[in-house]
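Student: Pasting input.pdb here (PDB, C-alpha atoms):
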ATOM      1  CA  MET D 537      77.798 201.282  15.126
ATOM      2  CA  ASN D 538      77.325 197.947  16.926
ATOM      3  CA  ILE D 539      75.322 197.818  20.152
ATOM      4  CA  GLY D 540      75.523 194.588  22.123
ATOM      5  CA  LEU D 541      72.484 193.473  24.116
ATOM      6  CA  ASP D 542      72.495 190.763  26.779
ATOM      7  CA  VAL D 543      69.406 188.790  25.750
ATOM      8  CA  LEU D 544      69.477 186.568  28.842
ATOM      9  CA  GLY D 545      69.897 189.351  31.430
ATOM     10  CA  GLY D 546      67.002 190.548  33.581
ATOM     11  CA  ASP D 547      63.972 189.090  35.314
ATOM     12  CA  PHE D 548      61.895 188.827  32.135
ATOM     13  CA  ALA D 549      64.571 187.604  29.731
ATOM     14  CA  PRO D 550      64.724 186.561  26.988
ATOM     15  CA  LEU D 551      61.236 187.660  25.880
ATOM     16  CA  ALA D 552      61.450 191.249  27.154
ATOM     17  CA  ALA D 553      64.932 191.677  25.672
ATOM     18  CA  VAL D 554      63.904 190.384  22.247
ATOM     19  CA  LYS D 555      60.722 192.475  22.206
ATOM     20  CA  GLY D 556      62.725 195.534  23.203
ATOM     21  CA  ALA D 557      65.315 194.879  20.501
ATOM     22  CA  LEU D 558      62.564 194.649  17.880
ATOM     23  CA  LEU D 559      61.083 197.964  19.034
ATOM     24  CA  ALA D 560      64.485 199.668  19.067
ATOM     25  CA  GLN D 561      65.460 198.313  15.635
ATOM     26  CA  LYS D 562      62.498 200.116  14.097
ATOM     27  CA  GLU D 563      63.774 203.454  15.424
ATOM     28  CA  LEU D 564      67.477 203.037  14.730
ATOM     29  CA  PRO D 565      69.149 204.177  11.495
ATOM     30  CA  GLU D 566      70.512 201.573   9.095
ATOM     31  CA  HIS D 567      74.129 201.990  10.186
ATOM     32  CA  VAL D 568      73.332 200.894  13.755
ATOM     33  CA  LYS D 569      73.268 197.152  14.257
ATOM     34  CA  ILE D 570      71.981 195.396  17.394
ATOM     35  CA  VAL D 571      74.094 192.386  18.358
ATOM     36  CA  LEU D 572      72.027 189.915  20.368
ATOM     37  CA  ILE D 573      74.114 187.909  22.846
ATOM     38  CA  GLY D 574      72.293 184.813  24.031
ATOM     39  CA  ASN D 575      70.901 181.498  22.862
ATOM     40  CA  GLU D 576      70.966 182.071  19.091
ATOM     41  CA  ALA D 577      68.358 179.486  18.099
ATOM     42  CA  GLU D 578      65.944 180.547  20.835
ATOM     43  CA  THR D 579      66.458 184.225  20.023
ATOM     44  CA  LYS D 580      65.808 183.733  16.309
ATOM     45  CA  GLN D 581      62.698 181.685  17.062
ATOM     46  CA  LEU D 582      61.311 184.441  19.294
ATOM     47  CA  ILE D 583      62.001 187.083  16.645
ATOM     48  CA  THR D 584      60.130 185.025  14.053
ATOM     49  CA  GLU D 585      57.200 184.369  16.398
ATOM     50  CA  LEU D 586      56.958 188.102  17.125
ATOM     51  CA  GLY D 587      56.817 188.952  13.434
ATOM     52  CA  GLY D 588      60.355 190.303  13.131
ATOM     53  CA  LYS D 589      63.109 189.594  10.628
ATOM     54  CA  THR D 590      66.101 187.674  11.944
ATOM     55  CA  SER D 591      68.295 189.200   9.228
ATOM     56  CA  LYS D 592      68.011 192.621  10.878
ATOM     57  CA  PHE D 593      70.235 191.523  13.774
ATOM     58  CA  GLU D 594      73.611 189.959  14.448
ATOM     59  CA  TYR D 595      74.060 187.116  16.911
ATOM     60  CA  VAL D 596      76.614 185.848  19.402
ATOM     61  CA  HIS D 597      75.726 182.489  20.911
ATOM     62  CA  SER D 598      75.769 181.854  24.643
ATOM     63  CA  THR D 599      73.582 179.868  27.009
ATOM     64  CA  GLU D 600      75.535 180.772  30.133
ATOM     65  CA  VAL D 601      74.155 183.441  32.466
ATOM     66  CA  ILE D 602      75.588 185.225  35.486
ATOM     67  CA  GLY D 603      72.751 184.954  37.990
ATOM     68  CA  MET D 604      71.526 187.912  39.988
ATOM     69  CA  GLY D 605      72.744 186.355  43.234
ATOM     70  CA  GLU D 606      76.222 185.379  42.059
ATOM     71  CA  HIS D 607      79.389 187.099  43.254
ATOM     72  CA  PRO D 608      80.285 189.486  40.397
ATOM     73  CA  THR D 609      84.082 189.085  40.377
ATOM     74  CA  LYS D 610      84.046 185.298  40.802
ATOM     75  CA  ALA D 611      81.282 184.850  38.238
ATOM     76  CA  LEU D 612      83.068 186.900  35.564
ATOM     77  CA  SER D 613      86.304 184.958  36.021
ATOM     78  CA  GLN D 614      84.545 181.589  36.113
ATOM     79  CA  LYS D 615      82.093 182.324  33.285
ATOM     80  CA  PRO D 616      84.003 184.116  30.508
ATOM     81  CA  LYS D 617      81.567 182.694  27.930
ATOM     82  CA  SER D 618      78.498 184.044  29.740
ATOM     83  CA  THR D 619      76.456 186.730  28.011
ATOM     84  CA  ILE D 620      78.023 189.462  30.166
ATOM     85  CA  GLY D 621      81.498 187.968  29.822
ATOM     86  CA  LEU D 622      81.226 187.826  26.024
ATOM     87  CA  GLY D 623      79.784 191.336  25.903
ATOM     88  CA  PHE D 624      82.811 192.776  27.678
ATOM     89  CA  SER D 625      85.236 190.708  25.618
ATOM     90  CA  MET D 626      83.709 192.147  22.443
ATOM     91  CA  LEU D 627      83.694 195.647  23.914
ATOM     92  CA  LYS D 628      87.379 195.355  24.834
ATOM     93  CA  ALA D 629      88.198 194.089  21.330
ATOM     94  CA  GLN D 630      86.248 197.064  19.891
ATOM     95  CA  GLU D 631      83.825 194.714  18.140
ATOM     96  CA  LEU D 632      81.075 196.610  19.957
ATOM     97  CA  ASP D 633      80.628 200.342  20.439
ATOM     98  CA  ALA D 634      78.326 199.818  23.423
ATOM     99  CA  PHE D 635      77.134 196.977  25.624
ATOM    100  CA  ALA D 636      73.850 196.965  27.556
ATOM    101  CA  SER D 637      72.410 194.499  30.043
ATOM    102  CA  ALA D 638      69.626 194.274  32.615
ATOM    103  CA  GLY D 639      71.446 191.364  34.246
ATOM    104  CA  ASN D 640      73.724 191.213  37.283
ATOM    105  CA  SER D 641      74.572 194.886  37.875
ATOM    106  CA  GLY D 642      77.598 194.020  40.019
ATOM    107  CA  ALA D 643      79.080 191.987  37.157
ATOM    108  CA  MET D 644      78.464 194.924  34.821
ATOM    109  CA  MET D 645      80.348 197.227  37.199
ATOM    110  CA  VAL D 646      83.259 194.813  37.599
ATOM    111  CA  GLY D 647      83.435 194.190  33.849
ATOM    112  CA  ALA D 648      83.460 197.902  33.118
ATOM    113  CA  MET D 649      86.225 198.624  35.631
ATOM    114  CA  PHE D 650      88.509 195.652  34.957
ATOM    115  CA  ASN D 651      87.826 194.698  31.316
ATOM    116  CA  VAL D 652      87.426 197.997  29.491
ATOM    117  CA  LYS D 653      89.067 199.768  32.461
ATOM    118  CA  THR D 654      88.832 203.222  33.975
ATOM    119  CA  ILE D 655      89.971 206.255  31.982
ATOM    120  CA  PRO D 656      93.441 207.351  33.206
ATOM    121  CA  GLY D 657      93.062 210.119  35.767
ATOM    122  CA  VAL D 658      89.562 209.080  36.850
ATOM    123  CA  ILE D 659      89.737 207.875  40.445
ATOM    124  CA  ARG D 660      86.351 206.117  40.474
ATOM    125  CA  PRO D 661      83.790 205.539  37.716
ATOM    126  CA  VAL D 662      80.307 206.821  38.486
ATOM    127  CA  ILE D 663      76.705 206.140  37.544
ATOM    128  CA  ALA D 664      74.149 208.902  37.125
ATOM    129  CA  THR D 665      70.406 209.275  36.913
ATOM    130  CA  GLU D 666      68.360 211.923  35.165
ATOM    131  CA  LEU D 667      66.261 214.161  37.420
ATOM    132  CA  PRO D 668      62.870 215.296  36.070
ATOM    133  CA  LYS D 669      62.670 218.976  36.972
ATOM    134  CA  PHE D 670      59.333 220.459  37.966
ATOM    135  CA  ASP D 671      59.674 223.198  35.333
ATOM    136  CA  GLY D 672      59.965 220.598  32.551
ATOM    137  CA  GLY D 673      63.753 220.475  32.366
ATOM    138  CA  THR D 674      66.102 217.621  33.209
ATOM    139  CA  GLY D 675      68.972 217.495  35.661
ATOM    140  CA  LEU D 676      71.560 214.953  36.697
ATOM    141  CA  LEU D 677      72.379 213.254  40.018
ATOM    142  CA  LEU D 678      75.597 211.307  40.520
ATOM    143  CA  ASP D 679      76.683 208.984  42.056
ATOM    144  CA  VAL D 680      73.564 206.841  42.558
ATOM    145  CA  GLY D 681      75.025 203.621  43.874
ATOM    146  CA  LEU D 682      78.454 202.691  42.566
ATOM    147  CA  ASN D 683      80.554 204.387  45.260
ATOM    148  CA  ALA D 684      79.034 204.289  48.730
ATOM    149  CA  ASP D 685      82.098 205.849  50.348
ATOM    150  CA  VAL D 686      84.007 208.658  48.658
ATOM    151  CA  LYS D 687      86.725 211.203  49.378
ATOM    152  CA  PRO D 688      86.507 214.925  48.554
ATOM    153  CA  ASP D 689      88.558 214.634  45.349
ATOM    154  CA  VAL D 690      86.281 211.854  44.101
ATOM    155  CA  LEU D 691      83.217 214.019  44.731
ATOM    156  CA  TYR D 692      84.884 216.809  42.797
ATOM    157  CA  GLN D 693      85.530 214.476  39.862
ATOM    158  CA  PHE D 694      81.849 213.491  39.915
ATOM    159  CA  GLY D 695      81.076 217.165  39.430
ATOM    160  CA  VAL D 696      83.448 217.408  36.460
ATOM    161  CA  ILE D 697      82.154 214.215  34.820
ATOM    162  CA  GLY D 698      78.539 215.219  35.465
ATOM    163  CA  SER D 699      79.116 218.641  33.932
ATOM    164  CA  LEU D 700      80.605 217.105  30.770
ATOM    165  CA  TYR D 701      77.741 214.619  30.523
ATOM    166  CA  ALA D 702      75.126 217.340  30.997
ATOM    167  CA  GLN D 703      76.733 219.384  28.227
ATOM    168  CA  THR D 704      76.969 216.561  25.693
ATOM    169  CA  TYR D 705      74.020 214.293  26.511
ATOM    170  CA  LEU D 706      71.485 216.691  28.016
ATOM    171  CA  LYS D 707      72.582 219.603  25.777
ATOM    172  CA  ILE D 708      72.888 222.061  28.684
ATOM    173  CA  GLU D 709      75.334 224.732  27.541
ATOM    174  CA  LYS D 710      76.807 225.767  30.898
ATOM    175  CA  PRO D 711      75.582 223.321  33.557
ATOM    176  CA  ARG D 712      75.180 224.647  37.085
ATOM    177  CA  VAL D 713      76.940 222.187  39.376
ATOM    178  CA  ALA D 714      76.007 221.770  43.036
ATOM    179  CA  LEU D 715      77.108 219.644  45.970
ATOM    180  CA  MET D 716      74.553 217.711  48.023
ATOM    181  CA  SER D 717      74.764 218.638  51.689
ATOM    182  CA  LEU D 718      72.748 219.241  54.856
ATOM    183  CA  GLY D 719      72.341 222.933  54.131
ATOM    184  CA  GLU D 720      73.321 225.667  51.712
ATOM    185  CA  GLU D 721      76.055 227.164  53.905
ATOM    186  CA  ALA D 722      79.664 226.199  53.109
ATOM    187  CA  GLU D 723      80.298 224.908  56.618
ATOM    188  CA  LYS D 724      77.297 222.541  56.583
ATOM    189  CA  GLY D 725      77.625 218.805  56.014
ATOM    190  CA  ASN D 726      80.122 216.185  57.127
ATOM    191  CA  LEU D 727      83.903 216.585  56.915
ATOM    192  CA  ILE D 728      83.986 215.110  53.404
ATOM    193  CA  THR D 729      81.423 217.491  51.898
ATOM    194  CA  GLN D 730      83.010 220.452  53.712
ATOM    195  CA  ALA D 731      86.397 219.623  52.174
ATOM    196  CA  ALA D 732      84.803 218.947  48.781
ATOM    197  CA  TYR D 733      83.077 222.339  48.909
ATOM    198  CA  THR D 734      86.478 224.052  48.858
ATOM    199  CA  LEU D 735      87.548 222.033  45.801
ATOM    200  CA  PHE D 736      84.332 222.916  43.961
ATOM    201  CA  LYS D 737      84.503 226.587  44.949
ATOM    202  CA  ASP D 738      88.112 226.992  43.805
ATOM    203  CA  SER D 739      87.606 225.171  40.505
ATOM    204  CA  THR D 740      87.886 226.930  37.156
ATOM    205  CA  GLN D 741      86.405 223.908  35.353
ATOM    206  CA  LEU D 742      82.941 224.116  36.864
ATOM    207  CA  ASN D 743      80.041 226.511  37.086
ATOM    208  CA  PHE D 744      79.659 225.828  40.798
ATOM    209  CA  VAL D 745      76.519 227.223  42.439
ATOM    210  CA  GLY D 746      77.088 225.964  45.986
ATOM    211  CA  ASN D 747      75.411 223.425  48.230
ATOM    212  CA  VAL D 748      71.892 222.121  47.739
ATOM    213  CA  GLU D 749      69.647 220.015  49.956
ATOM    214  CA  GLY D 750      67.587 216.917  49.186
ATOM    215  CA  ARG D 751      64.495 219.019  48.533
ATOM    216  CA  ASP D 752      66.325 220.767  45.688
ATOM    217  CA  CYS D 753      66.727 217.679  43.502
ATOM    218  CA  PHE D 754      63.677 218.437  41.410
ATOM    219  CA  ASN D 755      63.652 222.237  41.358
ATOM    220  CA  ASN D 756      65.783 224.502  39.183
ATOM    221  CA  LYS D 757      68.633 225.378  41.562
ATOM    222  CA  ALA D 758      71.185 223.219  39.756
ATOM    223  CA  ASP D 759      71.617 221.099  36.627
ATOM    224  CA  VAL D 760      74.144 218.653  38.094
ATOM    225  CA  ILE D 761      74.192 217.477  41.717
ATOM    226  CA  ALA D 762      77.198 215.543  43.044
ATOM    227  CA  CYS D 763      76.938 213.219  46.039
ATOM    228  CA  ASP D 764      78.234 209.893  47.324
ATOM    229  CA  GLY D 765      76.600 206.735  45.987
ATOM    230  CA  PHE D 766      74.974 205.874  49.310
ATOM    231  CA  THR D 767      73.076 209.171  49.435
ATOM    232  CA  GLY D 768      72.314 209.167  45.716
ATOM    233  CA  ASN D 769      70.912 205.648  45.735
ATOM    234  CA  ILE D 770      68.572 206.475  48.620
ATOM    235  CA  LEU D 771      67.305 209.559  46.755
ATOM    236  CA  LEU D 772      66.815 207.537  43.560
ATOM    237  CA  LYS D 773      64.942 204.688  45.274
ATOM    238  CA  GLN D 774      62.757 207.157  47.152
ATOM    239  CA  ALA D 775      61.792 208.855  43.872
ATOM    240  CA  GLU D 776      60.977 205.456  42.342
ATOM    241  CA  SER D 777      58.789 204.571  45.335
ATOM    242  CA  PHE D 778      56.787 207.806  45.021
ATOM    243  CA  TYR D 779      56.057 206.960  41.376
ATOM    244  CA  ARG D 780      54.847 203.471  42.303
ATOM    245  CA  MET D 781      52.658 204.807  45.130
ATOM    246  CA  ILE D 782      51.090 207.417  42.859
ATOM    247  CA  LYS D 783      50.270 204.761  40.264
ATOM    248  CA  LYS D 784      48.783 202.471  42.921
ATOM    249  CA  ARG D 785      46.489 205.330  43.934
ATOM    250  CA  GLY D 786      45.289 205.665  40.352
ATOM    251  CA  ILE D 787      46.827 209.100  39.805
ATOM    252  CA  ASP D 788      47.882 210.057  36.293
ATOM    253  CA  ASP D 789      50.101 213.127  36.436
ATOM    254  CA  GLU D 790      52.210 214.445  33.554
ATOM    255  CA  TYR D 791      55.102 215.436  35.785
ATOM    256  CA  PHE D 792      55.229 212.333  37.973
ATOM    257  CA  ASN D 793      54.917 210.084  34.912
ATOM    258  CA  ARG D 794      58.467 211.222  34.096
ATOM    259  CA  PHE D 795      59.668 209.215  37.111
ATOM    260  CA  ASN D 796      58.865 205.963  35.286
ATOM    261  CA  TYR D 797      62.138 204.035  34.962
ATOM    262  CA  GLU D 798      60.982 202.575  31.612
ATOM    263  CA  LEU D 799      61.482 205.956  29.931
ATOM    264  CA  TYR D 800      65.217 206.008  30.656
ATOM    265  CA  GLY D 801      66.204 202.416  30.000
ATOM    266  CA  GLY D 802      69.269 202.373  32.194
ATOM    267  CA  THR D 803      72.292 204.317  33.373
ATOM    268  CA  PRO D 804      75.713 204.642  31.763
ATOM    269  CA  ILE D 805      78.874 203.904  33.722
ATOM    270  CA  LEU D 806      80.824 207.138  33.245
ATOM    271  CA  GLY D 807      84.596 207.286  33.464
ATOM    272  CA  VAL D 808      85.422 203.978  31.714
ATOM    273  CA  ASN D 809      86.903 203.507  28.257
ATOM    274  CA  SER D 810      83.729 202.488  26.452
ATOM    275  CA  THR D 811      79.946 202.797  26.613
ATOM    276  CA  VAL D 812      78.399 200.465  29.197
ATOM    277  CA  ILE D 813      74.699 200.723  30.051
ATOM    278  CA  VAL D 814      73.276 199.068  33.166
ATOM    279  CA  GLY D 815      69.555 198.372  32.976
ATOM    280  CA  HIS D 816      67.016 197.753  35.728
ATOM    281  CA  GLY D 817      66.631 194.073  36.617
ATOM    282  CA  ILE D 818      62.872 194.302  36.072
ATOM    283  CA  SER D 819      63.247 195.849  32.602
ATOM    284  CA  ASN D 820      60.338 195.131  30.276
ATOM    285  CA  ASP D 821      60.301 195.571  26.502
ATOM    286  CA  ILE D 822      59.858 199.377  26.683
ATOM    287  CA  ALA D 823      62.730 199.766  29.130
ATOM    288  CA  THR D 824      64.928 197.514  26.975
ATOM    289  CA  LYS D 825      64.105 199.533  23.872
ATOM    290  CA  ASN D 826      65.032 202.759  25.636
ATOM    291  CA  MET D 827      68.212 201.182  27.021
ATOM    292  CA  ILE D 828      69.341 200.418  23.453
ATOM    293  CA  LEU D 829      68.389 203.880  22.189
ATOM    294  CA  GLN D 830      70.194 205.417  25.159
ATOM    295  CA  ALA D 831      73.326 203.440  24.269
ATOM    296  CA  LYS D 832      73.294 204.976  20.798
ATOM    297  CA  ARG D 833      72.857 208.504  22.167
ATOM    298  CA  VAL D 834      75.705 208.035  24.648
ATOM    299  CA  VAL D 835      78.019 206.800  21.882
ATOM    300  CA  ASP D 836      76.961 209.706  19.649
ATOM    301  CA  SER D 837      77.652 212.183  22.454
ATOM    302  CA  LYS D 838      81.326 211.131  22.483
ATOM    303  CA  ILE D 839      81.280 211.580  26.250
ATOM    304  CA  THR D 840      84.036 208.985  26.731
ATOM    305  CA  ASP D 841      86.417 210.953  24.489
ATOM    306  CA  LEU D 842      85.547 214.194  26.260
ATOM    307  CA  ILE D 843      86.160 212.746  29.711
ATOM    308  CA  ARG D 844      89.438 211.256  28.507
ATOM    309  CA  ALA D 845      90.553 214.604  27.060
ATOM    310  CA  SER D 846      89.518 216.465  30.207
ATOM    311  CA  PHE D 847      91.401 214.150  32.561
ATOM    312  CA  ASN D 848      94.477 213.888  30.379
TER     313      ASN D 848
END
Take the structure in the file and give it back as structure tokens.
Tutor:
Amino acid sequence: MNIGLDVLGGDFAPLAAVKGALLAQKELPEHVKIVLIGNEAETKQLITELGGKTSKFEYVHSTEVIGMGEHPTKALSQKPKSTIGLGFSMLKAQELDAFASAGNSGAMMVGAMFNVKTIPGVIRPVIATELPKFDGGTGLLLDVGLNADVKPDVLYQFGVIGSLYAQTYLKIEKPRVALMSLGEEAEKGNLITQAAYTLFKDSTQLNFVGNVEGRDCFNNKADVIACDGFTGNILLKQAESFYRMIKKRGIDDEYFNRFNYELYGGTPILGVNSTVIVGHGISNDIATKNMILQAKRVVDSKITDLIRASFN
């Protein structure tokens, strides 16, 4: 297995990326190789300075970066030899099994949709976040930012994709799927969620448990919650802000510590033909390590094959 890492992506690159790769390499089995995409000489020098062995990694040279403020589509077409551009080229050529970056998230989305492409039958790819449940379990919320506006059939597909991901990645045998709305009653919500409710209710693919509200994200009412990306992103950012506020107040709490983004590394783009992991722009070495380990787990889960089989 080859996992590509954008060494120059993120606010603290390349140091955080190289440190994270060194930490991940210690935990990965021998058959998994990390391919470092960035300035080869600089990367090797950092590995040596940090006490690592350069022979443990593979390298693809690039000094070109897609900046955080650049237009994703234009940048990818104008910078095919950038770290993100090369990562997607290798992914498309099946030289990589997964590609991860904490760089320009828009470029990662565009590359996933137009280079490795969407799985036939999937209307819109989706990104998900894990929800730390108060009882110690883990749930899933999707979409969390890729699709701000959706139609009822897209919401329904989020439910299907989320259910498959919860089964394979989170190891939940029969995930309870819910729809985010303004209230539990079927008639609550806007016209889109009301129409989507009928699709969910009539489905034989899902273990649908009805509508949930925002306050139900972290309790045990559902394992998978489907919503549009606008709503999901607000919920995600709010949860992140509560974690930061708690830390600023000097509170150390076992449950709220699970809201630390570093523990998760990033989020996979689900519904495309390969494993693409989008990391947080402020990823440090711990977050980078977990992003790489997450890439391996997603590949091992064979979620892409399962989604493809389900939609075919």
Student: Would you kindly return, as a VMD selection string, each protein, DNA or RNA residue with an atom no farther than 8 Å from any atom of Ser810 of chain D, considering all atoms listed in the file and excluding same-chain residues fewer than 2 positions away?
Tutor: chain D and resid 627 633 to 634 652 808 812 840
Student: Rounded to one decimal place, report the atom CA of Asp841 of chain D-atom CA of Leu771 of chain D distance in Å.
Tutor: 29.4 Å
Student: Mind checking which residues fall within 7 Å of Phe792 of chain D, counting all atoms listed in the file, ignoring those fewer than 3 positions away in the same chain, and posting them as a list of chain:residue names?
Tutor: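 Skipping anything fewer than 3 positions along the chain leaves D:Tyr779, D:Asp789, D:Phe795.
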Student: Measuring atom to atom with all atoms listed in the file, identify which of D:Lys784, D:Lys687, D:Arg794, D:Lys615 is nearest to Thr729 of chain D.
Tutor: D:Lys687
Student: From the options D:Val543, D:Leu667, D:Val748, D:Ala638, which residue's atoms come nearest to Thr599 of chain D, counting only C-alpha atoms?
Tutor: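 Of D:Val543, D:Leu667, D:Val748, D:Ala638, the one nearest Thr599 of chain D, counting only C-alpha atoms, is D:Val543.
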Student: Compare D:Gly695, D:Asn747, D:Phe766, D:Glu600 by their minimum atom-to-atom distance to Glu720 of chain D, counting all atoms listed in the file, and give me the closest one.
Tutor: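 Closest candidate: D:Asn747.
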Student: Using all atoms listed in the file, which of D:Thr619, D:Asn756, D:Gln614, D:Asn796 sits nearest Lys773 of chain D?
Tutor: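 When distances to Lys773 of chain D are compared using all atoms listed in the file, the smallest one comes from D:Asn796.
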Student: Can you build me a table of segment 692-728 of chain D residues sitting at most 10 Å from segment 733-745 of chain D, with the closest atom pair per residue and its distance in Å to one decimal, using all atoms listed in the file, sorted by chain and residue number, as a Markdown table?
Tutor:
| residue | atom | partner | partner_atom | distance |
| --- | --- | --- | --- | --- |
| D:Tyr692 | CA | D:Phe736 | CA | 6.2 |
| D:Gln693 | CA | D:Phe736 | CA | 9.5 |
| D:Gly695 | CA | D:Leu742 | CA | 7.6 |
| D:Val696 | CA | D:Leu742 | CA | 6.7 |
| D:Ser699 | CA | D:Leu742 | CA | 7.3 |
| D:Leu700 | CA | D:Leu742 | CA | 9.6 |
| D:Lys710 | CA | D:Asn743 | CA | 7.0 |
| D:Pro711 | CA | D:Asn743 | CA | 6.5 |
| D:Arg712 | CA | D:Asn743 | CA | 5.2 |
| D:Val713 | CA | D:Phe744 | CA | 4.8 |
| D:Ala714 | CA | D:Val745 | CA | 5.5 |
| D:Leu715 | CA | D:Tyr733 | CA | 7.2 |
| D:Met716 | CA | D:Tyr733 | CA | 9.7 |
| D:Ser717 | CA | D:Tyr733 | CA | 9.5 |
| D:Glu720 | CA | D:Val745 | CA | 9.9 |
| D:Glu721 | CA | D:Tyr733 | CA | 9.9 |
| D:Ala722 | CA | D:Tyr733 | CA | 6.6 |
| D:Glu723 | CA | D:Tyr733 | CA | 8.6 |
| D:Lys724 | CA | D:Tyr733 | CA | 9.6 |
| D:Gly725 | CA | D:Tyr733 | CA | 9.6 |
| D:Leu727 | CA | D:Tyr733 | CA | 9.9 |
| D:Ile728 | CA | D:Tyr733 | CA | 8.6 |
Student: N, CA, C and O atoms are needed for segment 577-592 of chain D; please write them out as a PDB file, in the frame of the given file.
Tutor:
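Done, and the output landed in out.pdb:
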ATOM      1  N   ALA D 577      69.540 180.147  18.656  1.00  0.00           N
ATOM      2  CA  ALA D 577      68.358 179.486  18.099  1.00  0.00           C
ATOM      3  C   ALA D 577      67.086 179.982  18.767  1.00  0.00           C
ATOM      4  O   ALA D 577      66.081 180.278  18.101  1.00  0.00           O
ATOM      5  N   GLU D 578      67.112 180.078  20.089  1.00  0.00           N
ATOM      6  CA  GLU D 578      65.944 180.547  20.835  1.00  0.00           C
ATOM      7  C   GLU D 578      65.619 182.000  20.483  1.00  0.00           C
ATOM      8  O   GLU D 578      64.446 182.361  20.309  1.00  0.00           O
ATOM      9  N   THR D 579      66.654 182.810  20.348  1.00  0.00           N
ATOM     10  CA  THR D 579      66.458 184.225  20.023  1.00  0.00           C
ATOM     11  C   THR D 579      65.833 184.384  18.643  1.00  0.00           C
ATOM     12  O   THR D 579      64.882 185.151  18.461  1.00  0.00           O
ATOM     13  N   LYS D 580      66.351 183.657  17.674  1.00  0.00           N
ATOM     14  CA  LYS D 580      65.808 183.733  16.309  1.00  0.00           C
ATOM     15  C   LYS D 580      64.362 183.243  16.257  1.00  0.00           C
ATOM     16  O   LYS D 580      63.522 183.805  15.540  1.00  0.00           O
ATOM     17  N   GLN D 581      64.064 182.202  17.022  1.00  0.00           N
ATOM     18  CA  GLN D 581      62.698 181.685  17.062  1.00  0.00           C
ATOM     19  C   GLN D 581      61.738 182.729  17.630  1.00  0.00           C
ATOM     20  O   GLN D 581      60.640 182.938  17.095  1.00  0.00           O
ATOM     21  N   LEU D 582      62.155 183.407  18.701  1.00  0.00           N
ATOM     22  CA  LEU D 582      61.311 184.441  19.294  1.00  0.00           C
ATOM     23  C   LEU D 582      61.087 185.594  18.318  1.00  0.00           C
ATOM     24  O   LEU D 582      59.965 186.107  18.197  1.00  0.00           O
ATOM     25  N   ILE D 583      62.136 185.999  17.622  1.00  0.00           N
ATOM     26  CA  ILE D 583      62.001 187.083  16.645  1.00  0.00           C
ATOM     27  C   ILE D 583      60.980 186.714  15.573  1.00  0.00           C
ATOM     28  O   ILE D 583      60.122 187.522  15.209  1.00  0.00           O
ATOM     29  N   THR D 584      61.071 185.489  15.087  1.00  0.00           N
ATOM     30  CA  THR D 584      60.130 185.025  14.053  1.00  0.00           C
ATOM     31  C   THR D 584      58.710 184.982  14.583  1.00  0.00           C
ATOM     32  O   THR D 584      57.763 185.440  13.920  1.00  0.00           O
ATOM     33  N   GLU D 585      58.538 184.459  15.793  1.00  0.00           N
ATOM     34  CA  GLU D 585      57.200 184.369  16.398  1.00  0.00           C
ATOM     35  C   GLU D 585      56.594 185.743  16.625  1.00  0.00           C
ATOM     36  O   GLU D 585      55.370 185.913  16.555  1.00  0.00           O
ATOM     37  N   LEU D 586      57.433 186.740  16.873  1.00  0.00           N
ATOM     38  CA  LEU D 586      56.958 188.102  17.125  1.00  0.00           C
ATOM     39  C   LEU D 586      56.802 188.923  15.844  1.00  0.00           C
ATOM     40  O   LEU D 586      56.482 190.111  15.900  1.00  0.00           O
ATOM     41  N   GLY D 587      57.027 188.277  14.714  1.00  0.00           N
ATOM     42  CA  GLY D 587      56.817 188.952  13.434  1.00  0.00           C
ATOM     43  C   GLY D 587      57.995 189.759  12.937  1.00  0.00           C
ATOM     44  O   GLY D 587      57.858 190.568  12.015  1.00  0.00           O
ATOM     45  N   GLY D 588      59.177 189.563  13.547  1.00  0.00           N
ATOM     46  CA  GLY D 588      60.355 190.303  13.131  1.00  0.00           C
ATOM     47  C   GLY D 588      61.170 189.547  12.097  1.00  0.00           C
ATOM     48  O   GLY D 588      60.865 188.400  11.749  1.00  0.00           O
ATOM     49  N   LYS D 589      62.215 190.202  11.613  1.00  0.00           N
ATOM     50  CA  LYS D 589      63.109 189.594  10.628  1.00  0.00           C
ATOM     51  C   LYS D 589      64.454 189.317  11.294  1.00  0.00           C
ATOM     52  O   LYS D 589      65.128 190.231  11.779  1.00  0.00           O
ATOM     53  N   THR D 590      64.844 188.053  11.301  1.00  0.00           N
ATOM     54  CA  THR D 590      66.101 187.674  11.944  1.00  0.00           C
ATOM     55  C   THR D 590      67.310 188.307  11.258  1.00  0.00           C
ATOM     56  O   THR D 590      68.354 188.509  11.891  1.00  0.00           O
ATOM     57  N   SER D 591      67.176 188.628   9.983  1.00  0.00           N
ATOM     58  CA  SER D 591      68.295 189.200   9.228  1.00  0.00           C
ATOM     59  C   SER D 591      68.635 190.623   9.657  1.00  0.00           C
ATOM     60  O   SER D 591      69.692 191.145   9.285  1.00  0.00           O
ATOM     61  N   LYS D 592      67.772 191.239  10.437  1.00  0.00           N
ATOM     62  CA  LYS D 592      68.011 192.621  10.878  1.00  0.00           C
ATOM     63  C   LYS D 592      69.012 192.700  12.034  1.00  0.00           C
ATOM     64  O   LYS D 592      69.436 193.798  12.410  1.00  0.00           O
TER      65      LYS D 592
END
